[in-house]
Structure formats: C-alpha cells, structure tokens
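Engineer: I have a structure I would like to understand better, so I am pasting it below and will then ask my questions one at a time.
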Amino acid sequence: MEALEMFTSDRNADVYTEELKLNLGPQHPSTHGVLRVELAMDGEIITDSWCDIGYLHRCAEKIGENVTYLQFTPYTDRMDYLASMNNNLAWSLTVEKLLDVEAPERAQWIRALVAELNRIASHLIAFGTYGIDLGANTPFFYAFRERESIMQLLEKISGARMLYNFIRPGGVANDIDDAWMDEVSAFCDDFEKRWVEYNTLLTDNFVFIQRTANIGILTKELALSNGCTGPVLRASGVKWDLRRDVPYLEPYDECEFDIPVGEGTHGTLGDCWDRYWVRMREMIESVRIIRQCIEKIPPGAHMEKSMVKMYKTPLKPPPGEAYVRCENPRGELGFYVVSEGGNSPIRCRTRAPSFCNLSVLDKLLPGTMLGDAVATIGSLDIVLGEVDR
Amino acid sequence: MGAIRDYFGNISSALTSTAKGMGVTLRHYRKEPPITIQYPFERFPVPDRYRGLHILEQEKCIDCKLCAKACPVDCIEIEAEHHGRILEWTQFSIDYKKCIFCEFCIPPCPVDCIHMTTEYELATEDPDGMVEDLLTWTGLRPQDQRALEEAAARKAGKVVPDAAASKPSAEGTSAEDMAAKIAAIKARMGKKD
Amino acid sequence: MNEAGLHAKLGAAGIDGIGELDTSAKDPFVVVEADALVAVMTFLRDDPDCAMEMLHLVTATEREACIELAYHLCSYQHHHSFVVKVICPRPEGGNHDTWHPEVPSVAGVFDAADWHEREQWDLLGVVFAGHPDPRRILLPEEWIGHPLRKDFVYPSFLGDVPLELDATPMYERGPDWTPPSSEPRPAGEPLIQPPSPPSDRPHAGGQAPAKDEAPADAADTGKEG
Amino acid sequence: MEALIGLFGELFGLEGTLALSAAYAVCIGSILGFVTVYSMFAIWMERKVAAHIQVRMGPMVTGGWHGWAQSVADAVKLLFKEDIIPTRANAFMFWIAPAVVFCGVFAGLIVVPFAVGVQVVDLHLGVFFIIAIASIEVIGVIIAGWASNSKYSLFGAVREAAQVVSYEIPTATALLVPILVVGSFRLNDFNTWQAEHHWLIFHSPWLAMAALIFFISSLAGCKRAPFDLPEAESELVSGFHTEYSGMRFSFFFLEEYTSMFVAALLTATLWFGGFNLPFVDSSAWHPALAMPIGIVVLLAKTFFFIFVQMWLRWTLPRLRVDQVMSMGYKYLVPWAFVALIATAVWDYYGWGWLPL
C-alpha cells in the first residue's frame, strides 16, 4: 500500500497519471478460465478491482432440480473438473445422508484412496499453472507428467480420464484389485522423488520467492469472514481441515496425517508463497494417506446392496434436507439438498469452495502490481467451472 | 549490516537457486525420456473398463427403454414396434453431441445388451454424424418376417410344417461381429483408421 | 456444543423472534424472524461460546408456501455448526414476477454473505435489504426474471438481443441467416417494453416485465423447468 | 567487402560506385538470407530444447526428421495469413513498427567478423555501432505498442522502453571491460588479441564477472525470460505484439531471435575467443582453410550461448517489473562499474590470474 500512496498522493499536482481501466479477462491467459477482473490501474499499480463472474454458468443447480439424485452425480463431475472424485464424494454423502444409508467399509476406504489421488492431481495442476502464471513454463509439464499417471490409474478403475463418475450414492462403481493398488504404491514412491525435484526447480527458486512472498497477504480474520476454506484458509494460519476435525469417511479417522498450515516462511503469514507451500505439503500428506489406505483397506462389498436398484428406479429420499461438507482440494465443498419426497430435489444448492475463495480477490488486489494480480489469482487456485457452476 | 547481508545473500541465493534449477532442467534435457507420444501414429493403451462409444446387441434388446430413462441428458432415442416378442425396429440412436459417457445406461439393462466400447475418438467434421444409430438392422429381418407369418398362420389354425426355420439365428452376437460393429461405428462417424 | 446448547444460548441472548429448535431435521435448525436475523447472526459470531466465525452458505429454497432462507454457520474453534432459517411466506398469487421476499442482509456481519446473497437475489429473487452491492452476480445485468423459481419463464430478450430458443445450429446457418425473432420493427419502437418497476425495488436491472407487456414478436417464448 | 569489390571488378568489369553498390547488395542479401535461415533454425531449436527440457518431443512430423521443416511451414503459414490491422489502430505506425524493429538488429550484423575477412564493414567502432543501432529496436516497439491501440500493447511497450533503456547501462559498461583490456572498439581486434594472448574470460575474475553481467543484461535487452516483461504472456497476453499477426508478427519474432544471436555472438567474440579455436594458433593458416573453420567455430560458440539463453528461459520464472528495474540498477550497474575499475587497476599493475 505504501507504493500506492506514493503514486496517488500527488493527485492534485500539475503532473498526475490518469487512471486506466484494464480488463483482465474473460479471455486472458492467466485467469484460469473465464474470470473477468476489471482493474483500475495507476501505471503498473492496481488501485481498485472488480471481479466479474458468471461466464461459465451452466445452471447446475437448475439441472439438479430436474434430474434424479443419481443422475446428478455426473454433473457434479463438471463443477470442479480437476477434482471430480471429491465432488462425487460430497454428492454421494449428501444423498446417503438424505436416505440414511451408509456406504460399506471397503467403499469408504476406496473413496478415501481415490479422493486423495485426485487431490494430488488437482494440486499438481495448481502447482503447474502457478508456475505458468509466474512465467516458469517447465514445472507445468513435470506436474502434468505425474498427473497423467494419476489419470491413467483412475482411468483403469473408473473408465474415464477426468469426469470419473466413480463414487456413487451407496458406494463406488467398481471394486479395485491388488494389482491396481501396487501400481498406486509405485506411483507414490515415484512421486515423492519428483516432489523434491519440484522444490528444487520452483519452490526454492529465488525469483519465485521474490514473486510470491509478501504478495496478496490474506489475514486470518479476512479469510474467515469471507468464508475461505481449504489451503487458502490454512495458509493464513488456521488449522482447520474437515478430514481431521469432522471426519466424514472412516479412513480419515484412522489414518495418520498432518495438516500443513502457513508459517510465513519467506514473508508474511498468508501470502501467496504460503498458499502455494501448503498445497505442496498437502500432496505429501495425501501420499501418506494413500499408503495407509492401501495397507489397511478391508475386504467386503464395494456397493451397498440395497442401493443397487437405484439404477432402475429413481431414489426417493424422504422429505427433509441435508447439508454435507467435504474437504476438497480447493476447500470445503458443500451440498445442501432439500427433498420433498420426489424423484428429484426441490433445491440443490452447491457451496463451491472456489466461489468463496474468489470473493476475497477484490480485497487482495488493490495496492499490488499487475504481475502480483496474476500471482494472487493463481495462488487462490480457482476453477471457474465451480465458481459459476 | 542487515541490509548488506541481504544484498549479498540475494546475489548468492539467486545464483545458486538458478544453478540448481538449471541442473534439474538439464537432467531432464539429457536423461528423461519424453512422456508424450505421437498421437495419430501411436496410442496409449486404453483400459478395458474405458467408457467409450456404445454398441448394442440388438438380438437381445427388448425395447424396455430403461437405458433411455436412466440417461441424465436424454440422448438415447428408442423406437420399435412390438409384434409379440419380435420387434420391428425403427430407431435406437445415441446423440453423442449430448452424451456425457456417464455409464448410467449400462447397469439398468435387464438383458445386458448395451455396452460401452473402448473407442474414444469422437471428433468429426459433420455434426449430424454424431447422432449415432446403434441398430444393425431396421424393420424386420427375413427370419422375423417369416416367424411373424408363421405365428399369424398358427393363429389362423393352419399347421406349420417347418418350425425350426423360425428360430432366430445367433448371428450378430459373436466377437467378430462386435469388432465389425465398432468398425462400422468408426466408418459412420466419418473417420479413417 | 451441540445444536440444543447453541439454541439455549441463543434463547438466553434476549433477542425477540427466535423460534423453537427443529430437531427432527437431519441438521437441526432454528427459525428466526427476519427482523431478528442480523441480531442473531451478530450474537452467534461474537459470543465466545458460539464463536461462529464463518458463514458457510446462504440458501434460498422455494417451496409451495414460502421461500425459506437457510444460513449455515460453522465455528472452527469449537468444531460445531448451526443452521438458522428465515421463512418468507408466499402472498396470495405471488409468483416470480410479482413477489420478491425481503430479508435484511447479513453482509455487514459476514463478508462471505456478500456474494452468496447476490447469488440468491440473482437466481431466486430474494431481496436483501441493506446489501452493499445489490447486483446480479452470475447472470447478465439485463436478464429478466430469476431462473431458480419454479414458475420462471424463459425471457425472449436479453437487453436488446433476442434469445433464440429454437435456433438453427451454428453449422446450418448460411450467410443470410438471421435470428428468427429479429424481424425489422418500426423505427423508434423499443425492442422491449420497459417494465414499470415498483419504485421501492432496490435492485436495478432485474425487473421482469409483466406478461401482457411482453413484446409482440416474442412468439418463441418457451417454458423451461 | 574489398574482396567482393575486386571480384565484381574482375568478373563483370564493374568499377567505382557501381561495384560498391553491387557488393553491398550481395552482402545485405546474404545477411538477410542468413538471418532468415538462422531464425527458422533457432525457432526450431528453441522448440526442441523446450520440448526436451519439458519431457516432450516437440515438432516431430513436418519435414520428416524431427520436424526440421516446422519453422519453414510456420513461415509459409505466416506469409499467407490475412494481414489484420485493427480498425482503430494508427495504420501507418502499425505498419512501419515491425520494419523499424527489424532494421535495428539486422544492421548490427554488418560489423560482425564471422571469420578472417568475412565481414561486411570493419568499423573502428564496431562494438559501439552494435550497441547504438540495436537501440533503434526500442523505438519500433514503442511505436508498435502505441499504434496498436490496445492497453496490453501499451503496457508492453512502456515496459520495454523502461527495461531496455535501463539495461543498456550495465550492457555498455560490461562491454567496456574487455574493450579496456584490448584497447579497441574494433571487433576484429578482439579476435587477434585473443589469438595472440588468451581468451578474455580467463584474463581476470573481473572479466568473467563482466561476461556474466553482459550476458544477464543482454537477456533483458533481448526480452528473454526471466526478463520477458514486455511480452509477459501471463500478464499482458502477448505484450506489444498482441495485435500483430501474420507477416508483421513474424518480424518481431525475427527480431527477437536475431538480437539473441547478436548478444550471443558478442559474448563469444569479446570473451570467448571469437573465431579462434582454443590452444590452436590459426593465424598462419591459409584463408581458404581458416575461413570455414572460423565460421564454424564462431557459430558453435554462438549457438552454445543461445542454448544457454533458452535453457535459462525454460528454467526461471519471470521477474516482476519493479524487480527487473531494481536488479538492473541495484545489482548489475554497480557491479559492472566495479568490474570496470577493478580491471583498470588489475591491468595497470599487470597482475596475472590464471597461468596463461
């Protein structure tokens, strides 16, 4: 802000710079989709910003009111298309809560396993695209290499590469076998080595630290008041993770894992570097969970018996409502579903983590420079498919 | 002194971290094999469970329309006329412009007649070609026709001499035929192998 | 603290208009009067035993008899969550066009409410009195109506632009293609009759025209949902 | 040059101005041809280097062997693309900007000695000429950014102006260091000096430091990462050439790669022995042998530095605009002066460093 005052204090002097409106997006390389941010610029310095969303609005909530509970599952894939498994999971848990059923034990472990795999994939994208935002193109490809391994693993069990539709109300679509789990272990071993390499290449890079430390500082109070969740909240120093605090799957209760929080290593607590570093460490924690899942996964059915008939006859939950939150890679995804006993819900509200995380952007940008705006947007790691739904 | 230490610290960390990063990229440049493949010439293996284009075993299908009802996007159109157990087919098409490959049409099928293949190449220059007809024949096949006539004759009280001929042939269920169907799908989608 | 404890705490706060706790629901909730909403929210946020730092979600649900607003709150300190509801009963003959229930905005209490309330106004036409930035958020400013209402009618115009419901696919449009409803109209006549909004309606840009005022050439108005 | 004039005189009986013009035409034509072919090769090389660093393959199909013809195909495509001038752009300025940009770097090549006798003009102030003429490029970029009538372009142009003008100070100061040692601005003198003595990079630690400073600041001068602020595709879409397409866009590309070539070539000539081989005295060789070997040696050194430029580009993130400035003024400029003064002292006392 100091720089801002320096540039704006002499507004009444003879020479002053004129404010320039710059449209960052909706078609812009670094807005991660179709986000539009209107920036008031004073030279390179942003004086004000207005977020404009809705370019990718696909009426998901309206669709949810017109399809059956099962049929909405593939639509949840398309909200946060980088973490489809986690979205499926949240929706399935919501429907199960409405119906008062619980997935079998094995299904819960499989769910945790694939959700954590998907979390790594999603954070890899965040890592890679963040590099691109800051001008380092190479980490993106390394991240995609590992993500490709995850996609091939998940493709083997679900049959699709991105929009898995694998976790369904009552369980998971297919069982997994030991050969597949061996492949996952092999991937985990490989990934840990790669992770060190990422840090050498990008995390510890001097230029990268210069670009991210002390930029876009999100205080704890601002983060909480704006409803930021996930890595964005944790980077501000709040140790809050639904997987630990409100375990919604059995494995999260039984597995050991840490919750990385921001520490302000290179700058202030809650800056872009902290958000980035929380994500990086979360990947390693996910690997730990995956390892334990593979070890402890119990035998049994992968789908609740009574739920199999849902493919032929639509589910009809009793009247009522359910709100379920899940810890997605980007924050807490919540589904609030109101049923009146029919084939489809009468309200299918989505609490999209990116939507809430993005709402803080307007408060972070003023006073920073144009390059920092890109760094800040990247560090929030939004998916516009989820923001607009 | 802090500022001076920062100054020289910046220089040294900039140089060392750059050198380390360059080491990583150089290692990749020299040692790591490429992970991409030359797509039209070579392909990644597709797992068996892959949810690709559909095929229909028309022999088995009983026109119950459960798959169409299960479809979240209403992309399946089925039309057939029932003559007892024999079906006169008009349409069984999937609009791949709409299809989201969610697999929900597969589990409801009571006779297990609709499947998803591992074919994933959908791109075409002709959008109309994306409405894919899964039928191998339309209307009545000769043997169906014959069976119908015999049934009608039996109904009228006439004796049918050759009952064996009315049995539906097993044609259209073998693996080769499936492969032929996939080839036909690709041909109809306007693609070259 | 569980929901019953929170409700007891809330009842002891001395705010009027707090209803009973509905424990039959899966997430027990309390219904409060619209007037008491801001006070309730402020109390839940500031009371050290409740310490609801985060407004998780604001949802409006349209039911047969009412529009129901649900506020999901959670506290990371105490690991508990709570649901506060406000019921806006439907007046006689209230539809998406004429009825815009009004509740006080809690954007002053939780910053998170800002975008959530804008979305609920945008999609369900709930007016949040005192909202700092009462614009649409997902749909364009010129959009007519609130699409998540059950009786929503798909508009035939977006500002000056006719919306084509039975449009020819892009690849079938020849060089001479024109939108079906964009016939030349008499000069000077506006494309859409400007609706006459009640002057006290706070949100600009979201007014739906009355049905009899719909333009004559909007024959392709369809119904969705 | 003189040889060419003589050749024309012998073959076609041309004399005086006519022979001079013909010789110039041939020289310029060959340099233009060289620049075009080199740029295509460099673009192909950049793509391959980037691809291999990024565990990809890069162009593999066009032309057969490792996609060697990809750049040719791209050039043909760019030639045939529609020439778009934005409606509200200043058409004349928009039209002239790429030419201005290209002329600057292109003219720099005429003083470069590729080998013994392979040089268009042997200017006394060769180094100075290159630095001076390369600055014209900035004017072209500013024209391009302003004429495009796009905010992104304007931002890019202003960034370019600030950056390139600032970085000319460390560039020129670092160049003064070897000039101080050799005592000449003439590029050929560097070749002969280094053939007689040793490569300047080994002369003293200060010269090595000057080489590093020159290399870094020349990166900024060429708008290469991590100093590609004027383009900064994640911030400014494409910077000053956002609105350009087709042939005009390719001029900016040519300019970028040619200025890379000039920078790498200056590094090779001034510090790394020019067209001299290490440990080999080539001064007594017959010109017919020395010339091709000299060209190959110089180009090999140049391409090594171009490779390092690419390697850096695909490793480092981009600096922010104020950090670029502070790096220039706080780090490079002072150390360039330190190197200059220290070299003066070093040479005055005649200290040696490496056993050369």
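Residues are referred to by chain and number: the chain letter is A, B, ... according to the order shown in the structure tokens, the number counts from 1 in that chain, and ligands are numbered separately from 1 in the order shown.
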Taking only C-alpha atoms into account, find every residue of chain A that has an atom no more than 6 Å from chain B, and write it out as an MDAnalysis selection string.
Structural biologist: chainID A and resid 71 156 159 200:201 205:206 311:312
Engineer: Residues of the last selection are to be written out with N, CA, C and O atoms, as an mmCIF file, in the first residue's frame.
Structural biologist:
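Writing done, so here's out_24.cif:
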data_model
loop_
_atom_site.group_PDB
_atom_site.id
_atom_site.type_symbol
_atom_site.label_atom_id
_atom_site.label_comp_id
_atom_site.auth_asym_id
_atom_site.auth_seq_id
_atom_site.Cartn_x
_atom_site.Cartn_y
_atom_site.Cartn_z
ATOM 1 N N GLN A 71 -28.806 -39.217 -11.227
ATOM 2 C CA GLN A 71 -28.399 -38.599 -12.486
ATOM 3 C C GLN A 71 -27.609 -37.321 -12.280
ATOM 4 O O GLN A 71 -26.918 -36.861 -13.192
ATOM 5 N N LYS A 156 -8.186 -46.574 -15.074
ATOM 6 C CA LYS A 156 -8.264 -48.034 -15.002
ATOM 7 C C LYS A 156 -9.437 -48.486 -14.147
ATOM 8 O O LYS A 156 -10.049 -49.505 -14.440
ATOM 9 N N GLY A 159 -12.878 -45.780 -15.721
ATOM 10 C CA GLY A 159 -13.232 -45.799 -17.125
ATOM 11 C C GLY A 159 -13.232 -44.442 -17.780
ATOM 12 O O GLY A 159 -13.585 -44.315 -18.945
ATOM 13 N N THR A 200 13.214 -28.099 -5.872
ATOM 14 C CA THR A 200 14.469 -27.540 -6.359
ATOM 15 C C THR A 200 14.212 -26.591 -7.509
ATOM 16 O O THR A 200 14.828 -25.534 -7.618
ATOM 17 N N LEU A 201 13.305 -26.991 -8.370
ATOM 18 C CA LEU A 201 13.096 -26.215 -9.588
ATOM 19 C C LEU A 201 12.323 -24.929 -9.312
ATOM 20 O O LEU A 201 12.672 -23.878 -9.820
ATOM 21 N N ASN A 205 13.286 -21.511 -5.698
ATOM 22 C CA ASN A 205 13.894 -20.586 -6.641
ATOM 23 C C ASN A 205 13.786 -19.157 -6.133
ATOM 24 O O ASN A 205 12.746 -18.724 -5.643
ATOM 25 N N PHE A 206 14.873 -18.441 -6.279
ATOM 26 C CA PHE A 206 14.930 -17.080 -5.740
ATOM 27 C C PHE A 206 13.883 -16.178 -6.400
ATOM 28 O O PHE A 206 13.147 -15.455 -5.729
ATOM 29 N N TYR A 311 -30.293 -47.805 -10.041
ATOM 30 C CA TYR A 311 -30.082 -47.606 -11.465
ATOM 31 C C TYR A 311 -31.391 -47.755 -12.240
ATOM 32 O O TYR A 311 -31.559 -47.197 -13.304
ATOM 33 N N LYS A 312 -32.300 -48.586 -11.687
ATOM 34 C CA LYS A 312 -33.550 -48.830 -12.423
ATOM 35 C C LYS A 312 -34.673 -47.933 -11.954
ATOM 36 O O LYS A 312 -35.431 -47.407 -12.749
#
Engineer: Just want the 8 Å neighbourhood of Ile137 of chain C, counted on only C-alpha atoms, with same-chain residues fewer than 3 positions away dropped. Output as an MDAnalysis selection string.
Structural biologist: (chainID A and resid 52:54) or (chainID C and resid 115 118:119 122 140)
Engineer: Compile the residues of chain A that lie within 9 Å of chain D, evaluated using only C-alpha atoms, and express the compilation as a PyMOL selection string.
Structural biologist: chain A and resi 20-24+28-31+43-44+131-142+145+201-202+205+207-208+210-211+369-374
Engineer: With N, CA and C atoms kept, could you save the residues just selected as a CSV table (one decimal), in the first residue's frame?
Structural biologist:
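After the write, result37.csv holds the following:
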chain,number,residue,atom,x,y,z
A,20,LEU,N,-6.3,4.1,-15.5
A,20,LEU,CA,-6.5,3.3,-16.7
A,20,LEU,C,-7.3,2.1,-16.3
A,21,LYS,N,-8.4,1.8,-17.0
A,21,LYS,CA,-9.2,0.6,-16.7
A,21,LYS,C,-8.6,-0.5,-17.6
A,22,LEU,N,-8.3,-1.6,-16.9
A,22,LEU,CA,-7.7,-2.8,-17.7
A,22,LEU,C,-8.7,-4.0,-17.4
A,23,ASN,N,-9.0,-4.6,-18.5
A,23,ASN,CA,-9.9,-5.8,-18.4
A,23,ASN,C,-9.0,-7.0,-18.4
A,24,LEU,N,-8.9,-7.6,-17.2
A,24,LEU,CA,-8.1,-8.9,-17.2
A,24,LEU,C,-9.1,-10.0,-17.4
A,28,HIS,N,-8.1,-14.4,-21.1
A,28,HIS,CA,-6.8,-13.9,-20.7
A,28,HIS,C,-6.0,-15.2,-20.3
A,29,PRO,N,-4.8,-15.2,-20.6
A,29,PRO,CA,-4.0,-16.5,-20.3
A,29,PRO,C,-4.0,-16.9,-18.9
A,30,SER,N,-4.1,-15.9,-18.0
A,30,SER,CA,-3.8,-16.3,-16.6
A,30,SER,C,-5.0,-16.2,-15.7
A,31,THR,N,-6.2,-16.1,-16.2
A,31,THR,CA,-7.4,-16.1,-15.3
A,31,THR,C,-8.0,-17.4,-15.1
A,43,GLY,N,-0.6,3.4,-13.6
A,43,GLY,CA,0.7,2.8,-14.1
A,43,GLY,C,0.6,1.3,-14.0
A,44,GLU,N,1.6,0.7,-13.3
A,44,GLU,CA,1.6,-0.7,-13.1
A,44,GLU,C,0.8,-1.1,-11.8
A,131,GLY,N,3.2,-22.0,-11.8
A,131,GLY,CA,4.4,-21.7,-12.4
A,131,GLY,C,4.2,-21.0,-13.7
A,132,ILE,N,3.2,-21.4,-14.5
A,132,ILE,CA,3.0,-20.7,-15.8
A,132,ILE,C,2.6,-19.3,-15.5
A,133,ASP,N,1.8,-19.0,-14.5
A,133,ASP,CA,1.3,-17.7,-14.2
A,133,ASP,C,2.6,-16.8,-13.9
A,134,LEU,N,3.6,-17.4,-13.3
A,134,LEU,CA,4.7,-16.6,-13.0
A,134,LEU,C,5.8,-16.7,-14.0
A,135,GLY,N,5.5,-17.3,-15.1
A,135,GLY,CA,6.4,-17.3,-16.3
A,135,GLY,C,7.3,-18.5,-16.3
A,136,ALA,N,7.2,-19.4,-15.4
A,136,ALA,CA,8.0,-20.6,-15.5
A,136,ALA,C,7.2,-21.7,-16.1
A,137,ASN,N,7.5,-22.1,-17.4
A,137,ASN,CA,6.6,-23.0,-18.1
A,137,ASN,C,6.9,-24.4,-17.8
A,138,THR,N,8.2,-24.7,-17.4
A,138,THR,CA,8.6,-26.1,-17.3
A,138,THR,C,7.9,-26.9,-16.2
A,139,PRO,N,7.7,-26.3,-15.0
A,139,PRO,CA,7.1,-27.1,-13.9
A,139,PRO,C,5.7,-27.6,-14.3
A,140,PHE,N,5.0,-26.9,-15.2
A,140,PHE,CA,3.7,-27.3,-15.7
A,140,PHE,C,3.8,-28.7,-16.3
A,141,PHE,N,4.8,-28.9,-17.1
A,141,PHE,CA,4.9,-30.2,-17.8
A,141,PHE,C,5.3,-31.3,-16.9
A,142,TYR,N,6.1,-31.0,-15.9
A,142,TYR,CA,6.5,-32.0,-15.0
A,142,TYR,C,5.3,-32.4,-14.1
A,145,ARG,N,3.1,-34.6,-16.1
A,145,ARG,CA,3.6,-35.9,-16.2
A,145,ARG,C,3.0,-36.8,-15.1
A,201,LEU,N,13.3,-27.0,-8.4
A,201,LEU,CA,13.1,-26.2,-9.6
A,201,LEU,C,12.3,-24.9,-9.3
A,202,LEU,N,11.3,-25.0,-8.5
A,202,LEU,CA,10.4,-23.8,-8.4
A,202,LEU,C,10.3,-23.3,-7.0
A,205,ASN,N,13.3,-21.5,-5.7
A,205,ASN,CA,13.9,-20.6,-6.6
A,205,ASN,C,13.8,-19.2,-6.1
A,207,VAL,N,13.8,-16.3,-7.7
A,207,VAL,CA,12.9,-15.4,-8.4
A,207,VAL,C,11.4,-15.8,-8.0
A,208,PHE,N,11.2,-17.0,-7.8
A,208,PHE,CA,9.8,-17.4,-7.4
A,208,PHE,C,9.5,-16.9,-6.1
A,210,GLN,N,10.8,-14.3,-4.7
A,210,GLN,CA,10.6,-12.8,-4.8
A,210,GLN,C,9.2,-12.5,-5.3
A,211,ARG,N,8.7,-13.3,-6.2
A,211,ARG,CA,7.4,-13.0,-6.8
A,211,ARG,C,6.2,-13.3,-5.9
A,369,MET,N,0.9,-4.8,-7.8
A,369,MET,CA,1.1,-4.5,-9.2
A,369,MET,C,0.5,-5.6,-10.1
A,370,LEU,N,0.5,-5.3,-11.4
A,370,LEU,CA,-0.2,-6.2,-12.4
A,370,LEU,C,0.3,-7.6,-12.3
A,371,GLY,N,1.7,-7.7,-12.2
A,371,GLY,CA,2.2,-9.1,-12.1
A,371,GLY,C,1.8,-9.8,-10.8
A,372,ASP,N,1.6,-9.0,-9.7
A,372,ASP,CA,1.1,-9.6,-8.5
A,372,ASP,C,-0.3,-10.0,-8.6
A,373,ALA,N,-1.1,-9.3,-9.4
A,373,ALA,CA,-2.5,-9.7,-9.5
A,373,ALA,C,-2.6,-11.1,-10.1
A,374,VAL,N,-1.7,-11.4,-11.1
A,374,VAL,CA,-1.7,-12.7,-11.7
A,374,VAL,C,-1.3,-13.7,-10.6
Engineer: May I have the residues within 9 Å of segment 332-348 of chain A as a PyMOL selection string, using only C-alpha atoms and disregarding those fewer than 3 positions away in the same chain?
Structural biologist: (chain A and resi 60-69+86-87+90-91+94-95+98+228-230+241-242+314-329+351-354) or (chain C and resi 56-57+59-63+148)
Engineer: What parts of segment 48-185 of chain B does DSSP call strand (DSSP E or B)? I'd like the answer as a count of residues only.
Structural biologist: 28
Engineer: Which is closer to chain B than all the others in D:Ala75, D:Leu299, D:Ala264, D:Leu212, using only C-alpha atoms?
Structural biologist: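 For chain B, the nearest of the candidates is D:Leu212.
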